[in-house]
>>> print(open('entry-v2.cif').read())   # mmCIF, C-alpha atoms
data_entry
#
loop_
_atom_site.group_PDB
_atom_site.id
_atom_site.type_symbol
_atom_site.label_atom_id
_atom_site.label_comp_id
_atom_site.auth_asym_id
_atom_site.auth_seq_id
_atom_site.Cartn_x
_atom_site.Cartn_y
_atom_site.Cartn_z
ATOM 1 C CA MET W 296 0.000 0.000 0.000
ATOM 2 C CA GLN W 297 1.116 3.518 -0.746
ATOM 3 C CA ALA W 298 1.252 6.090 2.040
ATOM 4 C CA ASN W 299 -1.596 8.523 2.515
ATOM 5 C CA GLN W 300 -1.128 11.984 1.005
ATOM 6 C CA HIS W 301 -2.913 15.146 2.063
ATOM 7 C CA ARG W 302 -4.051 17.196 -0.935
ATOM 8 C CA SER W 303 -6.028 20.356 -1.578
ATOM 9 C CA ILE W 304 -9.061 20.528 -3.858
ATOM 10 C CA GLY W 305 -9.340 24.297 -3.726
ATOM 11 C CA ILE W 306 -12.576 25.770 -2.405
ATOM 12 C CA HIS W 307 -13.735 22.260 -1.468
ATOM 13 C CA GLY W 308 -11.069 21.903 1.216
ATOM 14 C CA ASN W 309 -8.459 19.261 1.869
ATOM 15 C CA ILE W 310 -8.632 15.519 1.324
ATOM 16 C CA SER W 311 -6.541 12.426 1.873
ATOM 17 C CA VAL W 312 -5.552 10.393 -1.184
ATOM 18 C CA ALA W 313 -4.198 6.839 -1.134
ATOM 19 C CA ARG W 314 -3.172 4.409 -3.856
ATOM 20 C CA GLY W 315 -3.353 0.651 -3.565
ATOM 21 C CA ASP W 316 -1.037 -1.987 -4.953
ATOM 22 C CA SER W 317 -1.430 -2.893 -8.614
ATOM 23 C CA LEU W 318 -2.731 -6.242 -9.833
ATOM 24 C CA GLU W 319 -1.696 -7.819 -13.147
ATOM 25 C CA ASP W 320 -3.658 -10.373 -15.130
ATOM 26 C CA CYS W 321 -2.582 -11.385 -18.653
ATOM 27 C CA GLY W 322 -0.740 -8.108 -19.036
ATOM 28 C CA SER W 323 -3.642 -5.919 -17.903
ATOM 29 C CA ILE W 324 -2.845 -3.869 -14.812
ATOM 30 C CA PHE W 325 -5.472 -2.654 -12.336
ATOM 31 C CA THR W 326 -4.727 0.046 -9.745
ATOM 32 C CA ALA W 327 -7.122 1.782 -7.336
ATOM 33 C CA GLN W 328 -6.953 5.263 -5.834
ATOM 34 C CA LEU W 329 -9.155 6.526 -3.020
ATOM 35 C CA ALA W 330 -9.974 10.055 -1.816
ATOM 36 C CA TRP W 331 -11.741 11.095 1.403
ATOM 37 C CA PRO W 332 -13.550 12.883 2.892
ATOM 38 C CA VAL W 333 -15.577 14.378 0.054
ATOM 39 C CA LYS W 334 -18.729 16.014 1.328
ATOM 40 C CA SER W 335 -20.398 17.219 -1.865
ATOM 41 C CA GLU W 336 -20.753 16.178 -5.478
ATOM 42 C CA ALA W 337 -18.507 19.055 -6.517
ATOM 43 C CA ALA W 338 -15.839 17.938 -4.031
ATOM 44 C CA ALA W 339 -16.064 14.354 -5.291
ATOM 45 C CA GLU W 340 -15.655 15.479 -8.902
ATOM 46 C CA ALA W 341 -12.688 17.656 -7.927
ATOM 47 C CA ALA W 342 -11.085 14.744 -6.062
ATOM 48 C CA ILE W 343 -11.542 12.463 -9.066
ATOM 49 C CA ALA W 344 -10.038 15.063 -11.385
ATOM 50 C CA LEU W 345 -7.040 15.304 -9.040
ATOM 51 C CA MET W 346 -6.519 11.532 -8.915
ATOM 52 C CA LYS W 347 -6.773 11.269 -12.706
ATOM 53 C CA GLN W 348 -3.759 13.558 -12.958
ATOM 54 C CA GLU W 349 -1.592 10.947 -11.236
ATOM 55 C CA ARG W 350 0.815 9.028 -13.456
ATOM 56 C CA VAL W 351 -0.944 5.731 -12.799
ATOM 57 C CA SER W 352 -4.063 7.256 -14.404
ATOM 58 C CA THR W 353 -2.485 9.246 -17.220
ATOM 59 C CA ASN W 354 -0.733 6.094 -18.448
ATOM 60 C CA ALA W 355 -3.883 3.958 -18.248
ATOM 61 C CA ASP W 356 -6.277 3.062 -21.053
ATOM 62 C CA HIS W 357 -9.364 3.320 -18.821
ATOM 63 C CA ASN W 358 -10.012 5.245 -15.586
ATOM 64 C CA MET W 359 -13.253 4.041 -14.037
ATOM 65 C CA THR W 360 -14.648 6.281 -11.309
ATOM 66 C CA ALA W 361 -17.389 6.293 -8.703
ATOM 67 C CA TYR W 362 -18.362 8.213 -5.587
ATOM 68 C CA ARG W 363 -20.977 8.241 -2.815
ATOM 69 C CA VAL W 364 -21.645 11.349 -0.738
ATOM 70 C CA VAL W 365 -24.100 11.923 2.099
ATOM 71 C CA SER W 366 -25.750 15.328 1.848
ATOM 72 C CA ALA W 367 -28.896 16.467 3.697
ATOM 73 C CA LYS W 368 -29.666 12.848 4.631
ATOM 74 C CA ARG W 369 -29.505 11.816 0.963
ATOM 75 C CA VAL W 370 -26.888 9.661 -0.697
ATOM 76 C CA LEU W 371 -25.615 11.273 -3.883
ATOM 77 C CA LYS W 372 -23.735 8.977 -6.235
ATOM 78 C CA ALA W 373 -22.352 8.754 -9.747
ATOM 79 C CA TYR W 374 -19.990 6.662 -11.834
ATOM 80 C CA ASP W 375 -18.119 6.729 -15.154
ATOM 81 C CA ASP W 376 -17.102 3.665 -17.205
ATOM 82 C CA ASP W 377 -14.516 5.625 -19.252
ATOM 83 C CA GLY W 378 -14.766 3.180 -22.133
ATOM 84 C CA GLU W 379 -14.580 0.027 -19.990
ATOM 85 C CA ALA W 380 -18.145 -1.167 -20.500
ATOM 86 C CA HIS W 381 -19.917 -1.532 -17.122
ATOM 87 C CA GLY W 382 -16.634 -1.058 -15.252
ATOM 88 C CA GLY W 383 -17.661 2.134 -13.486
ATOM 89 C CA GLN W 384 -21.066 0.660 -12.781
ATOM 90 C CA ARG W 385 -19.483 -2.329 -11.031
ATOM 91 C CA LEU W 386 -17.252 0.044 -9.078
ATOM 92 C CA ALA W 387 -20.289 2.006 -7.939
ATOM 93 C CA GLY W 388 -21.954 -1.267 -6.943
ATOM 94 C CA CYS W 389 -18.942 -2.066 -4.781
ATOM 95 C CA LEU W 390 -19.330 1.239 -2.925
ATOM 96 C CA VAL W 391 -23.005 0.492 -2.352
ATOM 97 C CA ARG W 392 -22.329 -3.019 -1.020
ATOM 98 C CA GLU W 393 -19.581 -1.746 1.270
ATOM 99 C CA LYS W 394 -21.824 1.151 2.370
ATOM 100 C CA ALA W 395 -18.949 3.497 1.575
ATOM 101 C CA VAL W 396 -19.783 7.178 2.070
ATOM 102 C CA ASN W 397 -18.042 10.511 1.530
ATOM 103 C CA CYS W 398 -15.353 9.005 -0.666
ATOM 104 C CA ALA W 399 -14.389 8.827 -4.332
ATOM 105 C CA VAL W 400 -12.583 5.983 -6.089
ATOM 106 C CA VAL W 401 -10.676 5.667 -9.347
ATOM 107 C CA VAL W 402 -9.631 2.269 -10.700
ATOM 108 C CA SER W 403 -7.224 2.534 -13.618
ATOM 109 C CA ARG W 404 -6.613 -0.217 -16.154
ATOM 110 C CA VAL W 405 -3.694 -0.610 -18.520
ATOM 111 C CA TRP W 406 -4.917 -2.990 -21.222
ATOM 112 C CA GLY W 407 -2.591 -5.918 -21.721
ATOM 113 C CA GLY W 408 -3.760 -7.101 -25.140
ATOM 114 C CA GLN W 409 -6.108 -9.891 -24.013
ATOM 115 C CA ASN W 410 -9.788 -9.772 -23.182
ATOM 116 C CA LEU W 411 -10.417 -10.872 -19.594
ATOM 117 C CA GLY W 412 -14.174 -11.216 -19.810
ATOM 118 C CA LYS W 413 -15.999 -11.003 -16.477
ATOM 119 C CA ARG W 414 -12.712 -11.398 -14.642
ATOM 120 C CA ARG W 415 -11.975 -7.722 -15.229
ATOM 121 C CA PHE W 416 -14.979 -6.777 -13.090
ATOM 122 C CA GLU W 417 -13.692 -8.956 -10.256
ATOM 123 C CA HIS W 418 -10.358 -7.138 -10.380
ATOM 124 C CA ILE W 419 -11.977 -3.693 -10.457
ATOM 125 C CA VAL W 420 -14.111 -4.467 -7.418
ATOM 126 C CA GLU W 421 -11.366 -6.296 -5.519
ATOM 127 C CA ARG W 422 -8.831 -3.468 -5.943
ATOM 128 C CA ALA W 423 -11.353 -0.897 -4.671
ATOM 129 C CA ARG W 424 -12.544 -3.022 -1.741
ATOM 130 C CA THR W 425 -9.004 -3.896 -0.645
ATOM 131 C CA LEU W 426 -8.028 -0.225 -0.588
ATOM 132 C CA LEU W 427 -11.161 0.766 1.319
ATOM 133 C CA LEU W 428 -10.405 -1.814 3.999
ATOM 134 C CA ALA W 429 -6.767 -0.810 4.255
ATOM 135 C CA ALA W 430 -7.762 2.844 4.657
ATOM 136 C CA GLY W 431 -9.975 2.037 7.632
ATOM 137 C CA HIS W 432 -13.390 2.195 5.997
ATOM 138 C CA ARG W 433 -16.379 1.522 8.239
ATOM 139 C CA PRO W 434 -19.696 0.735 6.521
ATOM 140 C CA GLY W 435 -22.056 3.694 6.738
ATOM 141 C CA GLU W 436 -19.560 5.808 8.688
ATOM 142 C CA GLY W 437 -16.819 6.510 6.174
ATOM 143 C CA ILE W 438 -13.072 6.315 6.708
ATOM 144 C CA GLN W 439 -12.227 6.978 10.332
ATOM 145 C CA HIS W 440 -8.436 6.878 10.450
ATOM 146 C CA ALA W 441 -6.308 10.005 10.613
ATOM 147 C CA TRP W 442 -2.670 9.724 9.543
ATOM 148 C CA GLY W 443 0.390 11.870 9.895
ATOM 149 C CA VAL W 444 2.624 12.448 6.897
ATOM 150 C CA GLY W 445 4.043 9.170 5.651
ATOM 151 C CA GLN W 446 1.814 6.930 7.771
ATOM 152 C CA SER W 447 1.488 3.569 6.075
ATOM 153 C CA LEU W 448 -1.975 2.270 5.266
ATOM 154 C CA GLY W 449 -0.873 -1.096 6.593
ATOM 155 C CA SER W 450 -1.166 0.051 10.205
ATOM 156 C CA ARG W 451 -3.794 1.770 12.297
ATOM 157 C CA GLU W 452 -3.336 4.889 14.366
ATOM 158 C CA VAL W 453 -5.296 6.434 17.232
ATOM 159 C CA LEU W 454 -5.178 10.210 17.619
ATOM 160 C CA GLY W 455 -3.090 11.097 20.625
ATOM 161 C CA GLY W 456 -1.895 7.533 21.096
ATOM 162 C CA ALA W 457 0.601 5.017 19.815
ATOM 163 C CA PRO W 458 -0.038 3.231 16.500
ATOM 164 C CA LEU W 459 -1.989 0.015 16.784
ATOM 165 C CA PRO W 460 -0.736 -3.151 15.094
ATOM 166 C CA PRO W 461 -2.292 -4.015 11.727
ATOM 167 C CA SER W 462 -5.566 -5.909 11.828
ATOM 168 C CA LYS W 463 -5.665 -9.538 10.708
ATOM 169 C CA ARG W 464 -7.396 -8.451 7.509
ATOM 170 C CA ALA W 465 -4.768 -5.779 6.835
ATOM 171 C CA ARG W 466 -1.935 -8.256 7.472
ATOM 172 C CA ALA W 467 -3.538 -10.737 5.101
ATOM 173 C CA ASP W 468 -3.888 -8.030 2.454
ATOM 174 C CA MET W 469 -0.260 -7.000 2.871
ATOM 175 C CA ASP W 470 0.945 -10.594 2.621
ATOM 176 C CA GLU W 471 -1.088 -11.094 -0.534
ATOM 177 C CA HIS W 472 0.499 -8.204 -2.376
ATOM 178 C CA VAL W 473 4.083 -9.160 -3.180
ATOM 179 C CA THR W 474 6.209 -6.648 -5.037
ATOM 180 C CA LYS W 475 7.237 -7.821 -8.497
ATOM 181 C CA ARG W 476 7.950 -4.652 -10.459
ATOM 182 C CA SER W 477 6.520 -1.223 -11.071
ATOM 183 C CA VAL W 478 3.299 -0.642 -12.977
ATOM 184 C CA LEU W 479 4.934 1.390 -15.702
ATOM 185 C CA ALA W 480 7.705 -1.127 -16.209
ATOM 186 C CA ILE W 481 5.149 -3.896 -16.701
ATOM 187 C CA ALA W 482 3.083 -1.816 -19.100
ATOM 188 C CA ALA W 483 6.135 -0.822 -21.123
ATOM 189 C CA GLU W 484 7.362 -4.392 -21.333
ATOM 190 C CA ARG W 485 3.999 -5.755 -22.480
ATOM 191 C CA ARG W 486 3.604 -3.111 -25.133
ATOM 192 C CA LEU W 487 7.182 -3.478 -26.335
ATOM 193 C CA LEU W 488 7.022 -7.237 -26.690
ATOM 194 C CA GLY W 489 3.452 -7.240 -27.937
ATOM 195 C CA ALA W 490 2.888 -10.575 -26.228
ATOM 196 C CA PRO W 491 0.709 -11.579 -23.244
ATOM 197 C CA SER W 492 1.950 -13.483 -20.239
ATOM 198 C CA ALA W 493 2.312 -17.149 -21.113
ATOM 199 C CA ALA W 494 0.635 -18.380 -17.951
ATOM 200 C CA CYS W 495 -1.791 -15.433 -17.707
ATOM 201 C CA SER W 496 -1.482 -15.641 -13.962
ATOM 202 C CA THR W 497 -2.779 -12.945 -11.659
ATOM 203 C CA SER W 498 -0.236 -11.168 -9.486
ATOM 204 C CA ALA W 499 0.048 -8.020 -7.399
ATOM 205 C CA SER W 500 2.765 -5.411 -7.418
ATOM 206 C CA LYS W 501 3.396 -2.095 -5.797
#
>>> encode(input="entry-v2.cif", output="structure tokens")
Amino acid sequence: MQANQHRSIGIHGNISVARGDSLEDCGSIFTAQLAWPVKSEAAAEAAIALMKQERVSTNADHNMTAYRVVSAKRVLKAYDDDGEAHGGQRLAGCLVREKAVNCAVVVSRVWGGQNLGKRRFEHIVERARTLLLAAGHRPGEGIQHAWGVGQSLGSREVLGGAPLPPSKRARADMDEHVTKRSVLAIAAERRLLGAPSAACSTSASK
């Protein structure tokens, strides 16, 4: 997991932005970014625009987005497939199932040259859900953790107290994601060789 960053979205205030580990399947690379708290539709759109400026998004073929915001006791939500048919819709469905509120998510995909079928939806949802959990998401309450600069998403912190050890779920997530190589290196290699992975195995990288 990448460390939390504190960013400004202008008149909409400040937000935290985190990026999860990347997952590769048959050359396609999926990476999630998460922003919180966003307390209006305008803030959510601004947060998404900010995340789409990150290199992991500018080098992607598709940037699927979704957000859910609680305003005046109503849940405001929207999504964008960005050319990945039903991808943004599945991402929005993930936020609904997890009861995620006041956050915005971007899942970027670098296309690896092979169609993944329904498996691509599983990766989109899994990357988003894993990042939500690592960030401390609580269903219906939003993300509760507050980090200092450089605080890793793999551990929990209590304001005014010492950091707590990672939860079992967080430790399992961290163990699952083994570093292989950078996202851009993988994308460049696939495009240069013009050939998919022989085994088409799924792997995670930072």
>>> closest_residue(input="entry-v2.cif", among="W:Val312, W:Ala423, W:Ile343, W:Leu318", to="W:Gly407", atoms="only C-alpha atoms")
W:Leu318
>>> residues_around(input="entry-v2.cif", residues="stretch 371-377 of chain W", least_positions_apart="6", cutoff="7 Å", atoms="only C-alpha atoms", output="ChimeraX atom specification")
/W:357-365,383-384,387
>>> write_last_selection(input="entry-v2.cif", atoms="C-alpha atoms", output="PDB file, in the frame of the given file")
ATOM      1  CA  HIS W 357      -9.364   3.320 -18.821  1.00  0.00           C
ATOM      2  CA  ASN W 358     -10.012   5.245 -15.586  1.00  0.00           C
ATOM      3  CA  MET W 359     -13.253   4.041 -14.037  1.00  0.00           C
ATOM      4  CA  THR W 360     -14.648   6.281 -11.309  1.00  0.00           C
ATOM      5  CA  ALA W 361     -17.389   6.293  -8.703  1.00  0.00           C
ATOM      6  CA  TYR W 362     -18.362   8.213  -5.587  1.00  0.00           C
ATOM      7  CA  ARG W 363     -20.977   8.241  -2.815  1.00  0.00           C
ATOM      8  CA  VAL W 364     -21.645  11.349  -0.738  1.00  0.00           C
ATOM      9  CA  VAL W 365     -24.100  11.923   2.099  1.00  0.00           C
ATOM     10  CA  GLY W 383     -17.661   2.134 -13.486  1.00  0.00           C
ATOM     11  CA  GLN W 384     -21.066   0.660 -12.781  1.00  0.00           C
ATOM     12  CA  ALA W 387     -20.289   2.006  -7.939  1.00  0.00           C
TER      13      ALA W 387
END
>>> resolve_selection(input="entry-v2.cif", expression="the PyMOL selection byres ((chain W and resi 326) around 10)", output="ChimeraX atom specification")
/W:314-319,324-325,327-328,351-352,355,358,401-405,418-419,422-423,426,478,499-501
>>> closest_residue(input="entry-v2.cif", among="W:Val396, W:Gly435, W:Thr353, W:Gly378", to="W:Ser366", atoms="only C-alpha atoms")
W:Val396
>>> residues_around(input="entry-v2.cif", residues="W:Ala330", least_positions_apart="6", cutoff="7 Å", atoms="only C-alpha atoms", output="number ranges by chain")
W: 310-313, 342, 398-400
>>> closest_residue(input="entry-v2.cif", among="W:Arg385, W:Arg415, W:Lys347, W:Lys394", to="W:Val370", atoms="all atoms listed in the file")
W:Lys394
